[in-house]
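Next comes structure-v6.cif, with mmCIF, C-alpha atoms and all ligand atoms.
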```cif
data_entry
#
loop_
_atom_site.label_atom_id
_atom_site.label_comp_id
_atom_site.auth_asym_id
_atom_site.auth_seq_id
_atom_site.Cartn_x
_atom_site.Cartn_y
_atom_site.Cartn_z
CA MET A 986 31.55 35.21 34.54
CA PRO A 987 32.24 38.68 33.16
CA GLU A 988 29.00 40.00 31.71
CA LEU A 989 28.39 42.97 29.43
CA PRO A 990 28.64 45.53 32.27
CA GLU A 991 32.02 44.16 33.38
CA VAL A 992 33.30 44.17 29.81
CA GLU A 993 32.05 47.70 29.21
CA THR A 994 33.59 48.79 32.51
CA THR A 995 36.87 47.20 31.41
CA ARG A 996 36.68 48.96 28.04
CA ARG A 997 36.15 52.31 29.68
CA GLY A 998 38.98 51.56 32.09
CA ILE A 999 41.54 50.71 29.41
CA ALA A 1000 40.48 53.28 26.78
CA PRO A 1001 42.67 56.14 28.09
CA THR A 1002 45.70 53.81 28.18
CA VAL A 1003 45.39 52.39 24.70
CA GLU A 1004 43.47 54.73 22.41
CA GLY A 1005 45.80 56.64 20.12
CA ARG A 1006 48.85 54.85 21.58
CA GLU A 1007 51.39 52.68 19.87
CA LEU A 1008 51.51 49.09 21.07
CA ARG A 1009 55.21 48.44 21.73
CA ARG A 1010 55.03 44.73 22.44
CA LEU A 1011 52.48 41.97 22.70
CA ILE A 1012 53.73 39.22 24.99
CA VAL A 1013 51.90 35.91 24.73
CA ARG A 1014 52.97 33.56 27.53
CA GLU A 1015 50.21 31.04 27.00
CA PRO A 1016 48.57 30.81 23.56
CA ARG A 1017 46.26 27.96 24.56
CA LEU A 1018 43.14 29.89 25.40
CA ARG A 1019 39.65 28.88 24.26
CA TRP A 1020 41.00 29.23 20.76
CA PRO A 1021 44.75 29.45 20.15
CA VAL A 1022 46.19 32.94 20.09
CA PRO A 1023 47.43 33.30 16.48
CA ALA A 1024 51.17 32.59 16.32
CA ASP A 1025 51.84 35.68 14.21
CA LEU A 1026 49.76 38.03 16.32
CA ALA A 1027 52.64 39.94 17.92
CA ALA A 1028 54.22 40.56 14.53
CA LEU A 1029 50.88 41.87 13.26
CA VAL A 1030 50.30 44.45 15.96
CA GLU A 1031 53.64 45.44 17.48
CA GLY A 1032 54.60 48.99 16.55
CA ARG A 1033 51.04 49.75 15.43
CA ARG A 1034 48.72 52.32 16.92
CA VAL A 1035 45.43 51.45 18.59
CA LEU A 1036 42.89 53.76 16.96
CA ALA A 1037 39.94 53.02 19.21
CA THR A 1038 38.40 50.60 21.64
CA GLY A 1039 34.98 49.08 21.18
CA ARG A 1040 32.72 46.35 22.45
CA ARG A 1041 30.26 44.01 20.79
CA GLY A 1042 28.33 41.91 23.27
CA LYS A 1043 31.00 40.57 25.61
CA TYR A 1044 33.78 40.95 23.05
CA LEU A 1045 36.23 43.74 23.67
CA LEU A 1046 37.65 45.28 20.50
CA MET A 1047 40.89 47.15 19.84
CA GLN A 1048 40.86 48.74 16.43
CA PHE A 1049 44.05 49.15 14.42
CA GLU A 1050 44.40 50.61 10.95
CA HIS A 1051 44.71 47.12 9.47
CA GLY A 1052 42.32 45.14 11.65
CA TRP A 1053 40.90 44.44 15.07
CA LEU A 1054 42.03 42.55 18.12
CA ILE A 1055 39.05 40.68 19.56
CA VAL A 1056 39.40 39.91 23.26
CA HIS A 1057 37.00 37.78 25.29
CA LEU A 1058 37.33 37.35 29.04
CA GLY A 1059 35.75 33.90 29.05
CA MET A 1060 34.55 32.55 32.39
CA SER A 1061 37.20 33.98 34.65
CA GLY A 1062 39.30 36.49 32.72
CA SER A 1063 40.24 40.01 33.64
CA LEU A 1064 42.28 42.72 32.03
CA ARG A 1065 44.07 45.15 34.29
CA HIS A 1066 46.79 47.73 34.36
CA VAL A 1067 50.03 46.60 35.92
CA HIS A 1068 53.30 48.38 36.60
CA PRO A 1069 55.85 47.58 33.84
CA ASP A 1070 58.12 45.98 36.46
CA GLU A 1071 55.44 43.78 38.00
CA ALA A 1072 56.34 40.13 37.50
CA PRO A 1073 53.60 38.03 35.92
CA ARG A 1074 51.67 35.76 38.22
CA LYS A 1075 50.33 32.33 37.40
CA HIS A 1076 47.57 32.58 34.77
CA ASP A 1077 48.81 35.95 33.45
CA HIS A 1078 48.72 34.88 29.81
CA VAL A 1079 49.03 38.00 27.64
CA ASP A 1080 50.56 41.48 28.09
CA TRP A 1081 49.95 44.58 25.98
CA VAL A 1082 52.97 46.80 26.53
CA PHE A 1083 52.53 50.53 25.91
CA ASP A 1084 55.00 53.29 26.75
CA GLN A 1085 53.14 54.39 29.84
CA ALA A 1086 51.37 51.24 30.94
CA VAL A 1087 51.03 47.51 30.61
CA LEU A 1088 47.70 45.71 30.29
CA ARG A 1089 47.67 42.15 31.51
CA LEU A 1090 45.17 39.39 30.77
CA HIS A 1091 44.67 37.06 33.72
CA ASP A 1092 42.53 34.00 33.01
CA PRO A 1093 42.80 30.95 35.30
CA ARG A 1094 40.30 28.83 33.37
CA ARG A 1095 41.56 29.85 29.92
CA PHE A 1096 38.10 30.15 28.37
CA GLY A 1097 39.03 33.61 27.15
CA ALA A 1098 40.28 34.51 23.69
CA VAL A 1099 42.62 36.91 21.91
CA LEU A 1100 41.99 36.83 18.17
CA TRP A 1101 42.68 38.91 15.10
CA HIS A 1102 40.25 40.09 12.44
CA ASP A 1103 42.02 41.56 9.43
CA ALA A 1104 40.51 44.65 7.86
CA ALA A 1105 40.85 42.91 4.48
CA ALA A 1106 38.19 40.44 5.67
CA GLY A 1107 35.62 43.20 6.05
CA PRO A 1108 34.11 44.94 9.08
CA VAL A 1109 34.74 43.29 12.44
CA GLU A 1110 30.98 42.77 12.84
CA SER A 1111 31.27 40.13 10.12
CA HIS A 1112 33.64 37.98 12.21
CA PRO A 1113 32.02 34.56 12.78
CA LEU A 1114 31.91 35.09 16.55
CA LEU A 1115 30.14 38.43 16.20
CA ALA A 1116 27.96 37.99 13.13
CA SER A 1117 25.10 36.17 14.86
CA LEU A 1118 24.92 38.35 17.96
CA GLY A 1119 21.68 40.16 18.75
CA ILE A 1120 21.36 43.91 18.87
CA GLU A 1121 23.15 45.97 21.54
CA PRO A 1122 20.80 47.00 24.36
CA PHE A 1123 21.94 50.61 24.01
CA ASP A 1124 21.38 50.66 20.25
CA ASP A 1125 18.67 53.15 19.24
CA ARG A 1126 16.83 50.38 17.41
CA PHE A 1127 16.43 48.31 20.57
CA ASP A 1128 12.99 48.96 22.02
CA GLY A 1129 9.75 47.18 22.86
CA GLY A 1130 8.88 46.89 19.20
CA TRP A 1131 12.17 45.12 18.53
CA LEU A 1132 11.50 42.59 21.31
CA PHE A 1133 7.91 42.13 20.12
CA ARG A 1134 8.87 41.51 16.49
CA HIS A 1135 11.67 39.10 17.34
CA THR A 1136 9.63 36.92 19.70
CA ARG A 1137 6.41 36.30 17.78
CA ARG A 1138 7.07 32.65 17.02
CA ARG A 1139 8.96 31.85 20.20
CA SER A 1140 7.35 29.54 22.73
CA ALA A 1141 10.39 29.57 25.05
CA PRO A 1142 9.95 31.34 28.39
CA ILE A 1143 10.96 35.00 28.18
CA LYS A 1144 13.79 34.48 30.70
CA GLN A 1145 15.43 31.93 28.42
CA ALA A 1146 14.73 33.93 25.26
CA LEU A 1147 16.62 36.85 26.80
CA LEU A 1148 19.59 34.66 27.72
CA MET A 1149 19.92 33.31 24.17
CA GLY A 1150 21.66 36.50 23.05
CA ASP A 1151 20.32 36.40 19.50
CA ILE A 1152 17.55 38.95 20.14
CA VAL A 1153 19.52 41.31 22.34
CA VAL A 1154 23.02 40.80 23.76
CA GLY A 1155 24.20 41.38 27.30
CA VAL A 1156 21.22 40.19 29.30
CA GLY A 1157 23.00 37.60 31.44
CA ASN A 1158 21.42 35.54 34.17
CA ILE A 1159 21.41 38.16 36.91
CA TYR A 1160 20.24 40.93 34.59
CA ALA A 1161 17.44 38.82 33.10
CA SER A 1162 15.90 38.22 36.54
CA GLU A 1163 16.31 41.86 37.52
CA SER A 1164 14.91 43.21 34.23
CA LEU A 1165 11.84 40.96 34.35
CA PHE A 1166 11.14 42.05 37.92
CA ARG A 1167 11.36 45.72 36.96
CA ALA A 1168 9.02 45.08 34.04
CA GLY A 1169 6.56 43.02 36.14
CA ILE A 1170 6.78 40.01 33.82
CA HIS A 1171 6.78 36.44 35.15
CA PRO A 1172 9.95 34.66 33.94
CA ARG A 1173 7.99 31.63 32.72
CA THR A 1174 5.76 33.60 30.35
CA ALA A 1175 6.11 32.38 26.76
CA ALA A 1176 8.06 35.04 24.85
CA GLY A 1177 5.61 34.91 21.96
CA ARG A 1178 2.62 35.72 24.18
CA ILE A 1179 3.87 38.97 25.67
CA SER A 1180 2.20 42.16 24.38
CA ALA A 1181 3.97 45.08 22.73
CA ALA A 1182 3.09 47.31 25.67
CA ARG A 1183 4.72 44.93 28.14
CA TYR A 1184 7.78 44.66 25.89
CA ASP A 1185 8.08 48.45 25.99
CA LYS A 1186 8.46 48.13 29.75
CA LEU A 1187 10.91 45.26 29.40
CA ALA A 1188 13.16 47.08 26.94
CA ALA A 1189 13.32 50.06 29.29
CA ALA A 1190 13.98 47.71 32.22
CA VAL A 1191 16.83 45.94 30.39
CA ARG A 1192 18.51 49.26 29.67
CA ALA A 1193 18.02 50.58 33.18
CA THR A 1194 19.34 47.38 34.76
CA LEU A 1195 22.46 47.25 32.59
CA ASP A 1196 23.02 50.97 32.97
CA ASP A 1197 22.90 50.64 36.75
CA ALA A 1198 25.39 47.78 36.63
CA ILE A 1199 27.79 49.67 34.35
CA ARG A 1200 27.58 52.69 36.64
CA ALA A 1201 28.33 50.41 39.56
CA GLY A 1202 31.39 49.09 37.74
CA GLY A 1203 29.97 45.70 36.91
CA SER A 1204 28.24 43.38 39.30
CA SER A 1205 29.83 40.86 41.60
CA LEU A 1206 31.93 38.05 40.33
CA ARG A 1207 34.80 36.41 42.02
CA ASP A 1208 37.58 36.68 39.48
CA TYR A 1209 36.81 40.00 37.95
CA VAL A 1210 39.31 42.76 38.51
CA GLY A 1211 38.58 46.25 37.27
CA ALA A 1212 40.86 47.75 34.68
CA GLY A 1213 42.37 49.96 37.35
CA GLY A 1214 43.56 46.84 39.15
CA GLU A 1215 41.24 47.21 42.13
CA SER A 1216 40.23 43.85 43.47
CA GLY A 1217 36.93 44.83 45.03
CA TYR A 1218 34.08 46.21 43.00
CA PHE A 1219 30.48 46.99 43.34
CA GLN A 1220 27.73 44.41 43.66
CA ILE A 1221 24.51 45.55 42.03
CA ASP A 1222 21.72 46.26 44.43
CA ALA A 1223 19.71 43.23 43.33
CA ARG A 1224 15.96 43.44 43.80
CA VAL A 1225 15.30 39.72 43.32
CA TYR A 1226 18.52 37.94 42.31
CA ASP A 1227 19.81 35.62 45.05
CA ARG A 1228 17.07 36.86 47.42
CA ALA A 1229 14.93 33.68 47.69
CA GLY A 1230 12.73 33.82 50.78
CA GLN A 1231 13.47 37.45 51.45
CA PRO A 1232 10.64 40.02 51.20
CA CYS A 1233 9.99 41.73 47.88
CA ARG A 1234 11.05 45.34 48.19
CA VAL A 1235 7.79 46.44 46.58
CA CYS A 1236 5.12 44.18 48.15
CA ALA A 1237 6.94 42.17 50.87
CA THR A 1238 5.93 38.80 49.35
CA PRO A 1239 8.80 36.31 49.72
CA ILE A 1240 10.96 36.16 46.58
CA ARG A 1241 10.91 32.77 44.87
CA ARG A 1242 13.60 30.83 43.06
CA LEU A 1243 13.08 28.47 40.16
CA VAL A 1244 15.45 26.74 37.77
CA GLN A 1245 15.15 27.30 34.02
CA GLY A 1246 17.63 25.62 31.70
CA GLN A 1247 19.89 24.83 34.68
CA ARG A 1248 20.05 28.51 35.63
CA ALA A 1249 18.49 29.98 38.75
CA THR A 1250 15.75 32.54 38.24
CA TYR A 1251 14.41 34.76 41.03
CA TYR A 1252 11.08 36.55 40.92
CA CYS A 1253 8.24 37.98 42.96
CA PRO A 1254 5.08 35.88 42.50
CA LYS A 1255 2.88 38.90 43.19
CA CYS A 1256 4.62 41.68 41.25
CA GLN A 1257 5.38 39.50 38.20
CA ARG A 1258 2.54 38.04 36.17
ZN ZN A 1301 6.55 41.97 44.90
#
```
This structure in structure tokens:
Amino acid sequence: MPELPEVETTRRGIAPTVEGRELRRLIVREPRLRWPVPADLAALVEGRRVLATGRRGKYLLMQFEHGWLIVHLGMSGSLRHVHPDEAPRKHDHVDWVFDQAVLRLHDPRRFGAVLWHDAAAGPVESHPLLASLGIEPFDDRFDGGWLFRHTRRRSAPIKQALLMGDIVVGVGNIYASESLFRAGIHPRTAAGRISAARYDKLAAAVRATLDDAIRAGGSSLRDYVGAGGESGYFQIDARVYDRAGQPCRVCATPIRRLVQGQRATYYCPKCQR
């Protein structure tokens, strides 16, 4: 599943193609995504200039003068540059046609979305899909104090509290395990019982983990294709994720796996308390 680093990598990849450019055509071959692509969407955006790209959580944003396109890659979606003459393949559902390039949304499982938020309805952050999202991990306000304040009455394990996305966005399953390892926090620890000092470490670890993944071009996932169209991309150098039984890179204790909320968690029983 594309996570925040993949979406941010995609945003950076498409920004030079779309920012400041006029969208000539929007071709919707299959409107039945997670939510239907609005029937009037092409008429709304064709001939209009994309002012900027943005991202909120895992939602990719294209800002126009009169509103925003909100794009989600779902479970299996990717957005890539294609040559204008390249015939669409199966599952190529939407094209953004610019003078110099075509962006193509490929989404076999159709859990993705292409939606419109009109400027008349207020800032895009007020869209129902975005309004309840937690803070961005790279927002200046995100720090240990933020985590501490937003977890005081939470008895859920910290791993699951991070995955919820209402405290901070973008900490998906792989990144939650990796961040907790870097911070030395056991994934089963109740979120409400972690000290401010340990949350300072965790906030720094979350940022460092996501930053590493973004630098690496997003971590491994089968269906993801970078915006440049390359099929291979970097797997993060995981310290614990998917390393059950292998020695901890700090203390050589075998890494353990446990299941929390049907998701696998990996941790070092010695380094994480
Ligand atoms: Zn260890």
For ligand ZN 1301 (chain A), return the neighbouring residues as a short mmCIF file (atom, residue, chain, number, x, y, z; two decimals) with C-alpha atoms, in the coordinates of the input (distance at most 12 Å; only C-alpha atoms and all ligand atoms).
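The new file out_24.cif reads:
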```
data_model
loop_
_atom_site.label_atom_id
_atom_site.label_comp_id
_atom_site.auth_asym_id
_atom_site.auth_seq_id
_atom_site.Cartn_x
_atom_site.Cartn_y
_atom_site.Cartn_z
CA LEU A 1165 11.84 40.96 34.35
CA PHE A 1166 11.14 42.05 37.92
CA ARG A 1167 11.36 45.72 36.96
CA ALA A 1168 9.02 45.08 34.04
CA GLY A 1169 6.56 43.02 36.14
CA ILE A 1170 6.78 40.01 33.82
CA HIS A 1171 6.78 36.44 35.15
CA ARG A 1224 15.96 43.44 43.80
CA VAL A 1225 15.30 39.72 43.32
CA ARG A 1228 17.07 36.86 47.42
CA GLY A 1230 12.73 33.82 50.78
CA GLN A 1231 13.47 37.45 51.45
CA PRO A 1232 10.64 40.02 51.20
CA CYS A 1233 9.99 41.73 47.88
CA ARG A 1234 11.05 45.34 48.19
CA VAL A 1235 7.79 46.44 46.58
CA CYS A 1236 5.12 44.18 48.15
CA ALA A 1237 6.94 42.17 50.87
CA THR A 1238 5.93 38.80 49.35
CA PRO A 1239 8.80 36.31 49.72
CA ILE A 1240 10.96 36.16 46.58
CA ARG A 1241 10.91 32.77 44.87
CA TYR A 1251 14.41 34.76 41.03
CA TYR A 1252 11.08 36.55 40.92
CA CYS A 1253 8.24 37.98 42.96
CA PRO A 1254 5.08 35.88 42.50
CA LYS A 1255 2.88 38.90 43.19
CA CYS A 1256 4.62 41.68 41.25
CA GLN A 1257 5.38 39.50 38.20
CA ARG A 1258 2.54 38.04 36.17
#
```
Fill in the blank from the handout: One decimal place gives the CA of Ile1152 in chain A-CA of His1135 in chain A separation as 6.5 Å
Handout entry: Selection: 8 Å around Arg1139 in chain A, only C-alpha atoms, excl. self and same-chain fewer than 6 positions, as a ChimeraX atom specification
Key = /A:1146,1175-1177
Fill in the blank from the handout: Computed gap from CA of Glu1050 in chain A to CA of Val1067 in chain A is 25.9 Å
Practice task
Would you be able to write out as a list of chain:residue names which residues have an atom within 8 Å of (7.8, 29.9, 29.5) in the file's coordinates, counting all atoms listed in the file?
Solution key: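 So the residues meeting the distance criterion are A:Ser1140, A:Ala1141, A:Pro1142, A:Ile1143, A:Lys1144, A:Gln1145, A:Pro1172, A:Arg1173, A:Thr1174, A:Ala1175, A:Ala1176.
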Practice task
Go through A:Asp1185, A:Glu1004, A:Asp1070, A:Asp1196 one by one, measure the shortest atom-to-atom distance of each to Val1156 in chain A using only C-alpha atoms, and give the residue with the smallest value.
Solution key: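 Going through A:Asp1185, A:Glu1004, A:Asp1070, A:Asp1196 one by one, the smallest distance to Val1156 in chain A is for A:Asp1196.
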Exercise for the section: Using all atoms listed in the file, collect all residues at a distance of at most 9 Å from (16.7, 46.7, 39.1) as written in the file, then present them as a ChimeraX atom specification. Expected result: /A:1160,1162-1167,1190-1191,1193-1195,1197,1221-1225
Practice task
State, in Å with one decimal place, the distance from CA of Val1056 in chain A to CA of Gly998 in chain A.
Solution key: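 Separation between CA of Val1056 in chain A and CA of Gly998 in chain A: 14.6 Å.
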Practice task
Could you check which of A:Arg1033, A:His1078, A:Arg1065, A:Arg1041 is closest to Arg1014 in chain A, using only C-alpha atoms?
Solution key: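 Nearest candidate to Arg1014 in chain A out of A:Arg1033, A:His1078, A:Arg1065, A:Arg1041: A:His1078.
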